[in-house]
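Chemist: One file: final-v9.txt (compact mmCIF, C-alpha atoms and all ligand atoms).
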```
# COMPACT_ATOMS: atom_id res chain seq x y z
CA MET A 7 13.31 -90.03 -76.00
CA ALA A 8 12.13 -93.64 -76.13
CA ASP A 9 11.47 -95.15 -79.57
CA PRO A 10 7.77 -95.55 -80.35
CA ILE A 11 6.44 -99.08 -80.15
CA GLY A 12 3.34 -100.60 -81.69
CA ILE A 13 0.51 -102.50 -80.05
CA GLU A 14 -1.06 -105.58 -81.59
CA ILE A 15 -4.27 -106.98 -80.12
CA ARG A 16 -5.22 -110.44 -81.34
CA ASN A 17 -8.41 -112.43 -80.80
CA LEU A 18 -8.98 -110.80 -77.45
CA TYR A 19 -12.00 -111.91 -75.40
CA LYS A 20 -13.14 -110.83 -71.97
CA ILE A 21 -16.01 -112.48 -70.17
CA PHE A 22 -16.78 -111.14 -66.69
CA GLY A 23 -17.94 -113.80 -64.21
CA PRO A 24 -16.70 -116.89 -62.32
CA GLN A 25 -17.21 -119.39 -65.18
CA ALA A 26 -15.65 -117.22 -67.85
CA ALA A 27 -13.21 -119.83 -69.17
CA GLN A 28 -15.88 -122.52 -69.52
CA LEU A 29 -18.08 -120.14 -71.52
CA MET A 30 -15.40 -119.30 -74.09
CA ASP A 31 -16.51 -122.02 -76.52
CA ALA A 32 -20.10 -120.80 -76.48
CA VAL A 33 -18.94 -117.25 -77.20
CA ARG A 34 -16.58 -118.41 -79.94
CA ASN A 35 -19.54 -120.23 -81.46
CA GLY A 36 -21.53 -117.03 -81.63
CA MET A 37 -23.38 -116.60 -78.34
CA THR A 38 -24.30 -112.91 -78.09
CA LYS A 39 -23.80 -110.56 -75.17
CA ALA A 40 -27.55 -110.60 -74.45
CA GLU A 41 -27.75 -114.43 -74.51
CA LEU A 42 -24.70 -114.82 -72.30
CA ASN A 43 -26.25 -112.44 -69.83
CA GLU A 44 -29.70 -114.08 -69.84
CA ARG A 45 -28.64 -117.71 -69.76
CA HIS A 46 -25.42 -117.58 -67.75
CA HIS A 47 -25.42 -114.23 -65.94
CA HIS A 48 -21.99 -113.45 -67.34
CA VAL A 49 -21.05 -110.21 -69.09
CA LEU A 50 -19.39 -110.32 -72.50
CA GLY A 51 -16.98 -107.40 -72.16
CA LEU A 52 -14.91 -107.93 -75.32
CA ASN A 53 -15.65 -110.21 -78.23
CA ASP A 54 -12.79 -111.18 -80.57
CA ILE A 55 -10.99 -107.84 -80.73
CA ASN A 56 -8.26 -107.47 -83.35
CA ILE A 57 -6.45 -104.16 -83.72
CA SER A 58 -3.02 -103.17 -84.96
CA MET A 59 -1.94 -99.88 -83.47
CA PRO A 60 1.06 -98.52 -85.36
CA ALA A 61 3.96 -97.08 -83.35
CA GLY A 62 3.92 -93.33 -82.87
CA GLN A 63 0.30 -92.74 -83.88
CA ILE A 64 -2.96 -91.88 -82.16
CA GLN A 65 -5.36 -94.80 -82.05
CA VAL A 66 -8.85 -93.76 -80.98
CA ILE A 67 -11.29 -96.26 -79.50
CA MET A 68 -14.80 -94.89 -79.75
CA GLY A 69 -18.14 -96.18 -78.54
CA LEU A 70 -21.08 -95.39 -76.31
CA SER A 71 -20.99 -95.97 -72.57
CA GLY A 72 -20.82 -99.68 -71.77
CA SER A 73 -19.43 -100.67 -75.19
CA GLY A 74 -16.17 -102.00 -73.69
CA LYS A 75 -13.73 -99.11 -74.17
CA SER A 76 -12.29 -99.10 -70.66
CA THR A 77 -12.16 -102.89 -70.59
CA LEU A 78 -10.11 -102.81 -73.78
CA ILE A 79 -7.60 -100.14 -72.76
CA ARG A 80 -7.05 -101.83 -69.38
CA HIS A 81 -5.91 -104.97 -71.18
CA ILE A 82 -3.00 -103.06 -72.70
CA ASN A 83 -1.25 -102.71 -69.34
CA ARG A 84 -3.05 -105.77 -67.99
CA LEU A 85 -5.05 -104.07 -65.30
CA ILE A 86 -7.53 -106.66 -66.60
CA ASP A 87 -6.58 -110.23 -67.52
CA PRO A 88 -8.19 -111.46 -70.72
CA THR A 89 -10.29 -114.62 -70.90
CA ALA A 90 -8.49 -115.41 -74.17
CA GLY A 91 -6.23 -113.69 -76.66
CA GLU A 92 -2.96 -111.81 -76.98
CA VAL A 93 -1.79 -108.26 -76.34
CA LEU A 94 1.58 -107.72 -78.00
CA VAL A 95 3.43 -104.54 -77.15
CA GLY A 96 6.61 -104.06 -79.10
CA GLY A 97 6.41 -107.79 -79.85
CA GLN A 98 6.17 -108.84 -76.17
CA ASN A 99 3.00 -110.60 -75.01
CA VAL A 100 1.71 -108.68 -71.99
CA VAL A 101 -0.71 -111.50 -71.15
CA THR A 102 2.06 -113.95 -70.28
CA MET A 103 4.47 -111.57 -68.53
CA SER A 104 5.73 -112.52 -65.08
CA PRO A 105 4.70 -110.22 -62.20
CA ASP A 106 8.16 -108.60 -62.19
CA ALA A 107 8.24 -108.09 -65.93
CA LEU A 108 4.72 -106.67 -65.80
CA ARG A 109 5.61 -104.20 -63.06
CA ASP A 110 8.61 -103.06 -65.06
CA PHE A 111 6.55 -102.81 -68.23
CA ARG A 112 3.84 -100.70 -66.58
CA ARG A 113 6.36 -98.37 -65.00
CA HIS A 114 8.62 -97.76 -67.98
CA GLN A 115 6.58 -98.40 -71.11
CA THR A 116 3.18 -96.96 -70.26
CA ALA A 117 1.69 -93.83 -68.74
CA MET A 118 -1.99 -93.15 -68.11
CA VAL A 119 -4.12 -90.03 -68.14
CA PHE A 120 -7.42 -90.42 -66.29
CA GLN A 121 -10.79 -88.74 -66.71
CA LYS A 122 -10.91 -87.70 -63.05
CA PHE A 123 -7.33 -86.33 -63.15
CA ALA A 124 -6.34 -88.42 -60.10
CA LEU A 125 -4.04 -85.73 -58.70
CA LEU A 126 -2.86 -85.98 -55.09
CA PRO A 127 -4.60 -83.11 -53.26
CA ASN A 128 -1.87 -82.48 -50.68
CA ARG A 129 0.91 -82.24 -53.25
CA THR A 130 1.75 -79.23 -55.38
CA VAL A 131 1.48 -79.22 -59.15
CA LEU A 132 5.23 -79.82 -59.39
CA GLU A 133 5.16 -82.67 -56.86
CA ASN A 134 2.24 -84.27 -58.67
CA THR A 135 4.08 -84.05 -61.97
CA CYS A 136 7.21 -85.62 -60.46
CA TYR A 137 5.30 -88.43 -58.80
CA GLY A 138 5.85 -91.17 -61.40
CA LEU A 139 9.56 -90.38 -61.59
CA GLU A 140 9.84 -90.57 -57.82
CA VAL A 141 8.31 -94.06 -57.92
CA GLN A 142 10.89 -94.98 -60.59
CA GLY A 143 13.70 -93.82 -58.29
CA ILE A 144 14.93 -91.01 -60.59
CA PRO A 145 17.18 -88.51 -58.73
CA GLN A 146 15.44 -85.36 -57.52
CA ALA A 147 17.24 -82.81 -59.74
CA LYS A 148 16.40 -84.82 -62.85
CA ARG A 149 12.78 -85.30 -61.74
CA ILE A 150 12.29 -81.61 -61.25
CA ALA A 151 13.93 -80.69 -64.56
CA SER A 152 11.72 -83.10 -66.44
CA ALA A 153 8.54 -82.04 -64.62
CA MET A 154 9.29 -78.34 -65.19
CA HIS A 155 9.88 -79.00 -68.88
CA TRP A 156 6.53 -80.73 -69.37
CA LEU A 157 4.61 -78.26 -67.21
CA GLU A 158 5.90 -75.52 -69.45
CA ARG A 159 4.94 -77.49 -72.56
CA VAL A 160 1.32 -77.83 -71.39
CA GLY A 161 1.16 -74.10 -70.57
CA LEU A 162 1.46 -74.29 -66.77
CA LYS A 163 4.69 -72.43 -66.19
CA GLY A 164 4.27 -70.37 -63.02
CA PHE A 165 1.74 -72.76 -61.46
CA GLU A 166 4.26 -75.26 -60.03
CA LYS A 167 3.64 -74.33 -56.40
CA LYS A 168 -0.18 -74.32 -56.59
CA TYR A 169 -2.29 -77.16 -55.23
CA PRO A 170 -4.79 -79.03 -57.43
CA ASN A 171 -7.84 -77.46 -55.78
CA GLN A 172 -6.51 -74.02 -56.78
CA LEU A 173 -6.76 -74.95 -60.46
CA SER A 174 -9.67 -75.23 -62.91
CA GLY A 175 -10.59 -78.63 -64.34
CA GLY A 176 -8.80 -77.89 -67.60
CA MET A 177 -5.62 -76.91 -65.75
CA GLN A 178 -5.79 -80.00 -63.55
CA GLN A 179 -5.98 -82.15 -66.64
CA ARG A 180 -2.93 -80.37 -68.03
CA VAL A 181 -1.12 -81.45 -64.88
CA GLY A 182 -2.37 -84.99 -65.53
CA LEU A 183 -0.94 -84.80 -69.03
CA ALA A 184 2.39 -83.31 -67.87
CA ARG A 185 2.69 -86.04 -65.23
CA ALA A 186 2.13 -88.72 -67.87
CA LEU A 187 4.63 -87.14 -70.27
CA ALA A 188 7.28 -86.71 -67.60
CA ASN A 189 7.37 -90.50 -67.38
CA ASP A 190 8.83 -90.61 -70.89
CA ALA A 191 7.04 -93.87 -71.63
CA PRO A 192 6.50 -94.70 -75.30
CA ILE A 193 2.82 -95.53 -74.75
CA LEU A 194 0.23 -93.10 -73.48
CA LEU A 195 -3.13 -94.52 -72.41
CA MET A 196 -5.93 -91.95 -72.18
CA ASP A 197 -9.34 -93.17 -71.02
CA GLU A 198 -11.93 -90.43 -71.63
CA ALA A 199 -9.23 -88.01 -70.50
CA PHE A 200 -11.02 -84.94 -71.85
CA SER A 201 -14.62 -86.07 -71.37
CA ALA A 202 -15.18 -84.25 -68.08
CA LEU A 203 -14.05 -80.88 -69.46
CA ASP A 204 -16.23 -78.06 -70.78
CA PRO A 205 -16.47 -78.07 -74.59
CA LEU A 206 -14.12 -75.14 -75.33
CA ILE A 207 -11.51 -76.31 -72.81
CA ARG A 208 -11.81 -79.76 -74.30
CA VAL A 209 -11.01 -78.49 -77.78
CA ASP A 210 -8.00 -76.61 -76.30
CA MET A 211 -6.75 -79.85 -74.76
CA GLN A 212 -7.13 -81.63 -78.09
CA THR A 213 -5.04 -78.90 -79.72
CA ILE A 214 -2.36 -79.22 -77.04
CA LEU A 215 -2.24 -82.98 -77.50
CA LEU A 216 -2.01 -82.76 -81.30
CA ASP A 217 0.75 -80.13 -81.09
CA LEU A 218 2.71 -82.17 -78.56
CA GLN A 219 2.30 -85.36 -80.56
CA LYS A 220 4.16 -83.80 -83.52
CA GLU A 221 7.16 -83.73 -81.23
CA ILE A 222 6.72 -86.70 -78.88
CA ARG A 223 5.50 -89.26 -81.43
CA LYS A 224 4.14 -91.62 -78.79
CA THR A 225 1.80 -94.48 -79.38
CA ILE A 226 -1.35 -92.96 -77.92
CA VAL A 227 -4.48 -94.95 -77.19
CA PHE A 228 -7.24 -92.40 -76.77
CA ILE A 229 -10.71 -93.36 -75.63
CA THR A 230 -13.74 -91.22 -76.23
CA HIS A 231 -17.50 -91.47 -76.68
CA ASP A 232 -17.46 -88.31 -78.80
CA LEU A 233 -17.23 -88.70 -82.58
CA ASP A 234 -15.98 -85.17 -83.24
CA GLU A 235 -13.12 -85.75 -80.80
CA ALA A 236 -12.41 -89.13 -82.38
CA LEU A 237 -12.31 -87.70 -85.89
CA ARG A 238 -10.09 -84.83 -84.87
CA LEU A 239 -7.52 -86.84 -82.92
CA GLY A 240 -7.43 -90.29 -84.44
CA ASP A 241 -4.88 -91.33 -87.04
CA SER A 242 -6.93 -94.46 -86.85
CA ILE A 243 -10.31 -95.06 -85.20
CA ALA A 244 -11.91 -98.27 -83.98
CA ILE A 245 -15.61 -98.16 -83.16
CA LEU A 246 -16.90 -100.53 -80.48
CA ARG A 247 -20.43 -101.67 -79.79
CA ASP A 248 -21.39 -104.34 -77.24
CA GLY A 249 -17.76 -105.42 -76.95
CA GLU A 250 -17.23 -105.83 -80.68
CA ILE A 251 -15.39 -103.69 -83.20
CA ILE A 252 -17.81 -102.72 -85.90
CA GLN A 253 -15.53 -100.49 -87.94
CA GLN A 254 -11.86 -99.53 -88.10
CA GLY A 255 -10.32 -96.91 -90.34
CA SER A 256 -9.27 -93.31 -90.78
CA SER A 257 -11.65 -90.44 -90.01
CA GLN A 258 -12.38 -90.14 -93.69
CA ASP A 259 -13.08 -93.88 -94.12
CA ILE A 260 -15.65 -93.68 -91.37
CA VAL A 261 -17.35 -90.54 -92.62
CA LEU A 262 -17.41 -91.60 -96.28
CA ARG A 263 -18.21 -95.26 -95.72
CA PRO A 264 -19.97 -95.86 -92.40
CA ALA A 265 -20.12 -99.63 -91.89
CA ASP A 266 -23.71 -99.75 -90.68
CA ALA A 267 -26.75 -97.69 -89.74
CA TYR A 268 -25.49 -97.25 -86.18
CA ILE A 269 -22.28 -95.54 -87.30
CA GLU A 270 -24.16 -93.64 -89.95
CA SER A 271 -26.38 -92.13 -87.27
CA PHE A 272 -23.28 -90.73 -85.54
CA VAL A 273 -21.70 -89.57 -88.76
CA ARG A 274 -24.76 -87.63 -89.85
CA GLU A 275 -23.93 -84.80 -87.42
CA VAL A 276 -20.30 -84.43 -88.49
CA ASN A 277 -18.81 -81.41 -90.24
CA ARG A 278 -17.76 -83.25 -93.39
CA GLY A 279 -15.71 -80.32 -94.71
CA ARG A 280 -13.23 -80.81 -91.87
CA VAL A 281 -12.84 -84.53 -92.41
CA ILE A 282 -13.01 -85.25 -96.14
CA ARG A 283 -9.77 -84.65 -98.01
CA VAL A 284 -9.33 -82.90 -101.31
CA ASP A 285 -8.07 -86.06 -103.00
CA ALA A 286 -11.30 -87.89 -102.12
CA ALA A 287 -13.41 -85.24 -103.86
CA MET A 288 -11.25 -84.18 -106.82
CA GLU A 289 -11.79 -85.23 -110.44
CA ALA A 290 -9.44 -86.02 -113.30
CA THR A 291 -8.03 -82.95 -115.02
CA THR A 292 -9.47 -82.00 -118.38
CA GLY A 293 -8.13 -78.98 -120.21
CA PRO A 294 -5.59 -76.50 -118.79
CA LEU A 295 -4.61 -76.67 -115.10
CA PRO A 296 -6.10 -74.01 -112.82
CA GLU A 297 -3.58 -71.47 -111.55
CA VAL A 298 -4.02 -71.98 -107.82
CA THR A 299 -2.85 -75.30 -106.37
CA VAL A 300 -3.87 -77.19 -103.25
CA ASP A 301 -2.36 -80.33 -101.65
CA GLY A 302 -4.42 -83.50 -101.93
CA ASP A 303 -4.26 -84.11 -98.18
CA CYS A 304 -5.91 -80.79 -97.26
CA THR A 305 -9.49 -80.77 -96.01
CA LEU A 306 -12.31 -79.52 -98.19
CA GLU A 307 -12.81 -76.66 -95.74
CA ASP A 308 -9.22 -75.49 -96.30
CA ALA A 309 -9.65 -75.82 -100.06
CA GLY A 310 -12.86 -73.77 -99.91
CA ARG A 311 -11.09 -71.08 -97.92
CA LEU A 312 -8.31 -70.98 -100.48
CA MET A 313 -10.89 -70.54 -103.26
CA VAL A 314 -12.48 -67.61 -101.45
CA GLN A 315 -9.10 -65.99 -100.77
CA SER A 316 -7.92 -66.34 -104.34
CA GLY A 317 -11.23 -65.52 -106.01
CA THR A 318 -11.45 -68.74 -107.97
CA THR A 319 -13.84 -71.70 -108.13
CA ARG A 320 -11.40 -74.31 -109.43
CA LEU A 321 -8.10 -75.51 -107.97
CA ALA A 322 -5.33 -77.72 -109.24
CA VAL A 323 -4.64 -80.62 -106.87
CA ARG A 324 -1.10 -81.76 -106.19
CA ASP A 325 -0.17 -85.08 -104.61
CA ALA A 326 1.16 -84.03 -101.19
CA ALA A 327 3.85 -86.73 -101.11
CA THR A 328 5.23 -86.52 -104.64
CA GLY A 329 4.29 -82.95 -105.59
CA ARG A 330 2.89 -84.19 -108.91
CA PRO A 331 -0.41 -82.96 -110.39
CA ALA A 332 -3.22 -85.25 -109.24
CA GLY A 333 -6.44 -83.68 -110.48
CA THR A 334 -8.70 -80.66 -110.11
CA LEU A 335 -11.24 -79.63 -107.56
CA SER A 336 -14.23 -77.43 -108.33
CA MET A 337 -16.51 -75.62 -105.90
CA GLU A 338 -19.37 -77.86 -107.08
CA ARG A 339 -17.40 -80.95 -106.06
CA ILE A 340 -16.78 -79.49 -102.61
CA LEU A 341 -20.45 -78.70 -102.13
CA ALA A 342 -21.50 -82.12 -103.40
CA ALA A 343 -19.12 -83.87 -100.98
CA ILE A 344 -20.08 -81.90 -97.90
CA THR A 345 -23.82 -81.91 -98.45
CA GLN A 346 -24.06 -85.55 -99.46
CA ARG A 347 -25.91 -87.99 -97.22
CA SER A 348 -24.11 -91.32 -97.36
CA ALA A 349 -26.00 -93.55 -99.77
CA GLY A 350 -26.54 -96.51 -97.46
CA HIS A 351 -23.66 -98.45 -95.99
CA ALA A 352 -20.97 -100.85 -97.13
N1 LIG A 401 -15.70 -105.90 -63.33
C1 LIG A 401 -16.79 -106.09 -64.09
N2 LIG A 401 -17.68 -107.05 -63.82
C2 LIG A 401 -18.77 -107.26 -64.59
N3 LIG A 401 -19.05 -106.53 -65.69
C3 LIG A 401 -18.19 -105.54 -66.03
C4 LIG A 401 -17.02 -105.25 -65.26
N4 LIG A 401 -16.37 -104.23 -65.83
C5 LIG A 401 -17.09 -103.86 -66.91
N5 LIG A 401 -18.19 -104.66 -67.03
C6 LIG A 401 -19.20 -104.61 -68.11
O1 LIG A 401 -18.50 -104.69 -69.35
C7 LIG A 401 -19.10 -103.84 -70.33
C8 LIG A 401 -18.10 -102.82 -70.83
O2 LIG A 401 -17.78 -101.92 -69.77
P1 LIG A 401 -16.70 -100.75 -69.95
O3 LIG A 401 -15.48 -101.32 -70.56
O4 LIG A 401 -16.56 -100.08 -68.64
O5 LIG A 401 -17.44 -99.80 -70.99
P2 LIG A 401 -17.11 -98.29 -71.44
O6 LIG A 401 -15.77 -97.93 -70.91
O7 LIG A 401 -17.18 -98.34 -72.94
O8 LIG A 401 -18.20 -97.44 -70.87
C9 LIG A 401 -20.33 -103.23 -69.66
O9 LIG A 401 -21.43 -104.05 -69.98
C10 LIG A 401 -19.97 -103.31 -68.19
O10 LIG A 401 -21.14 -103.36 -67.41
MG MG A 402 -15.15 -96.34 -69.69
```
Rewrite the coordinates I just gave you, this time as structure tokens.
Modeler:
Amino acid sequence: MADPIGIEIRNLYKIFGPQAAQLMDAVRNGMTKAELNERHHHVLGLNDINISMPAGQIQVIMGLSGSGKSTLIRHINRLIDPTAGEVLVGGQNVVTMSPDALRDFRRHQTAMVFQKFALLPNRTVLENTCYGLEVQGIPQAKRIASAMHWLERVGLKGFEKKYPNQLSGGMQQRVGLARALANDAPILLMDEAFSALDPLIRVDMQTILLDLQKEIRKTIVFITHDLDEALRLGDSIAILRDGEIIQQGSSQDIVLRPADAYIESFVREVNRGRVIRVDAAMEATTGPLPEVTVDGDCTLEDAGRLMVQSGTTRLAVRDAATGRPAGTLSMERILAAITQRSAGHA
């Protein structure tokens, strides 16, 4: 399997319109999206985006419709050329690649999963899954072996000979995922890949992706407009509004310290017990250690469950990495953390 590679986005700007380059100075000097639109009839798609996406992790880009998510992800494989800025993938600047190098890069380093599945209707599930490998010129036996492997991993063994229109939406998206994985590219680009699915199927797909990721360790860029999905999937989350990043951090950073009122309004609906970790809610130990121990990186919900199961209201907390005692967690602290409204923003 290919080694994971990181993605570094630096000072990236995208202005849509014929005079984009000439308008860069105005935007750098602070012209807003609304002003640019009113005065110059150009659209500010991305405004000074800086993100470091570590190799082998899931980077979520979240934002409402029109915030610039698709524009951003399409810069990573240069389906869109930036007006200014750099996109470094494994240290190589995608923005300055020659057409040949770019074609090679797209084919071997990246795979995409689309919202609308984009399966070929007159090809079977197996043929659809093989498609990328066929384009790469991989021999047939190897293509089929790889496609069969990934179809099995997404739970579609036995469906190889079906056609897309014989499958439900959730199953079609599993084919989309198997097709992307069969490519064996280190980067997986997923633009609202689960957004068209029914809620329960969507949660199933998230589970499949998280389970697979333990094994495949790809650099996954996952776009969503759904905060629950973002919090569940993202090792790191960047929140976009009007083409700008307004907050970056872990799920817990965003829930505990929403950067502004806009993010806070999203965060208000979140199940905090599933996001906040034990080590963010624990207190220093005083007196003897409780008998039952929990790891500091568990969620408060898991800690609460452990309390119920063991008939106690206080747990010892152990540092998950070192195994050393880190503090204690009481039921009161859990309740305080999950019922708290954030006290304004940073
Ligand atoms: N080709 C284009 N020409 C002009 N404006 C565009 C183009 N593509 C996207 N935009 C605008 O850029 C902004 C971001 O769009 P998009 O990246 O598609 O948002 P999202 O994926 O978050 O819904 C929107 O204001 C959209 O209208
Ligand atoms: Mg989009």
Chemist: Go through the chains and note each residue within 12 Å of ligand MG 402 (chain A), using all atoms listed in the file, then give the set as a list in words.
Modeler: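 These are the residues that qualify: Gly51, Ile67, Met68, Gly69, Leu70, Ser71, Gly72, Ser73, Gly74, Lys75, Ser76, Thr77, Leu78, Ile79, Arg80, Phe120, Gln121, Lys122, Met196, Asp197, Glu198, Ala199, Ser201, Phe228, Ile229, Thr230, His231, Leu246 and Gly249 of chain A.
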Chemist: Excluding stretch 330-334 of chain A and its own-chain neighbours fewer than 4 positions away, which residues fall within 6 Å of it when counting all atoms listed in the file? Please give them as a CSV table (one decimal) with C-alpha atoms, keeping the file's coordinate frame.
Modeler:
```csv
chain,number,residue,atom,x,y,z
A,288,MET,CA,-11.2,-84.2,-106.8
A,289,GLU,CA,-11.8,-85.2,-110.4
A,290,ALA,CA,-9.4,-86.0,-113.3
A,291,THR,CA,-8.0,-83.0,-115.0
A,321,LEU,CA,-8.1,-75.5,-108.0
A,322,ALA,CA,-5.3,-77.7,-109.2
A,323,VAL,CA,-4.6,-80.6,-106.9
A,324,ARG,CA,-1.1,-81.8,-106.2
A,325,ASP,CA,-0.2,-85.1,-104.6
```
Chemist: Using all atoms listed in the file, which of the listed residues (A:Ile150, A:Leu194, A:Ala343, A:Ile245) sits closest to ligand LIG 401 (chain A)?
Modeler: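 Distance minimum relative to ligand LIG 401 (chain A) lands on A:Ile245.
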Chemist: Please report the interatomic distance between atom CA of A:Asp285 and atom CA of A:Ala327 in Å with one decimal.
Modeler: 12.1 Å
Chemist: Given the choices A:Asp303, A:Asp266, A:Glu338, A:Asp87, which gets closest to ligand LIG 401 (chain A) if the distance is worked out from all atoms listed in the file?
Modeler: A:Asp87
Chemist: In Å, how far is it from atom CA of A:Arg347 to atom CA of A:Ala309?
Modeler: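 Going from atom CA of A:Arg347 over to atom CA of A:Ala309, I get 20.5 Å.
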Chemist: Measuring atom to atom with all atoms listed in the file, identify which of A:Val227, A:Leu126, A:Ile57, A:Met118 is nearest to A:Gln254.
Modeler: A:Ile57
Chemist: Of the residues A:Glu14, A:Leu341, A:Arg159, A:Asp308, which is the one nearest to A:Glu221, using only C-alpha atoms?
Modeler: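 The answer is A:Arg159, which sits nearest to A:Glu221.
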Chemist: What's the separation between atom CA of A:Arg274 and atom CA of A:Ser256, in Å to one decimal place?
Modeler: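 Atom-to-atom, atom CA of A:Arg274 and atom CA of A:Ser256 are spaced 16.5 Å apart.
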Chemist: Hey, what's within 7 Å of A:Val131 if we count all atoms listed in the file and toss same-chain stuff fewer than 5 positions away? As a list in words, please?
Modeler: Phe165, Glu166, Lys167, Lys168, Tyr169, Pro170 and Val181 of chain A
Chemist: Which residues are close to A:Asn99, i.e. within 10 Å by all atoms listed in the file, leaving aside same-chain residues fewer than 3 positions away? Reply as a VMD selection string.
Modeler: chain A and resid 13 to 15 82 91 to 96 102 to 103
Chemist: Work out where the centre of an axis-aligned box around every listed atom of stretch 151-165 of chain A lies and how long its edges are once 8 Å is added on each side; give both in Å to one decimal as lines of an AutoDock Vina configuration file.
Modeler:
```
center_x = 7.5
center_y = -76.7
center_z = -67.0
size_x = 28.8
size_y = 28.7
size_z = 27.1
```
Chemist: So, counting all atoms listed in the file, which residue among A:Ile252, A:Val49, A:Ala124, A:Ile226 is closest to ligand LIG 401 (chain A)?
Modeler: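 Looking only at the distances to ligand LIG 401 (chain A), the closest residue turns out to be A:Val49.
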Chemist: Using only C-alpha atoms, determine which residues lie at most 10 Å from A:Glu297, disregarding the query and same-chain residues fewer than 2 positions distant; provide the list as a ChimeraX atom specification.
Modeler: /A:294-295,299,316,318,320-322
Chemist: Contacts of A:Ala287 at 9 Å or less, counting only C-alpha atoms, minus same-chain residues fewer than 5 places along, as an NGL selection string?
Modeler: :A and (282 or 306 or 335 or 339-340 or 342-343)
Chemist: Tell me which of A:Val100, A:Leu157, A:Leu125, A:Ile222 sits closest to A:Ala61, counting all atoms listed in the file.
Modeler: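 Among the listed residues, the smallest separation from A:Ala61 belongs to A:Ile222.
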Chemist: Around (-18.0, -113.2, -68.5), as given in the file, which residues come within 7 Å? Count all atoms listed in the file and list them as a list in words.
Modeler: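 In the file's frame, the residues around the point are Lys20, Ile21, Phe22, Gly23, Ala26, His48, Val49, Leu50 and Gly51 of chain A.
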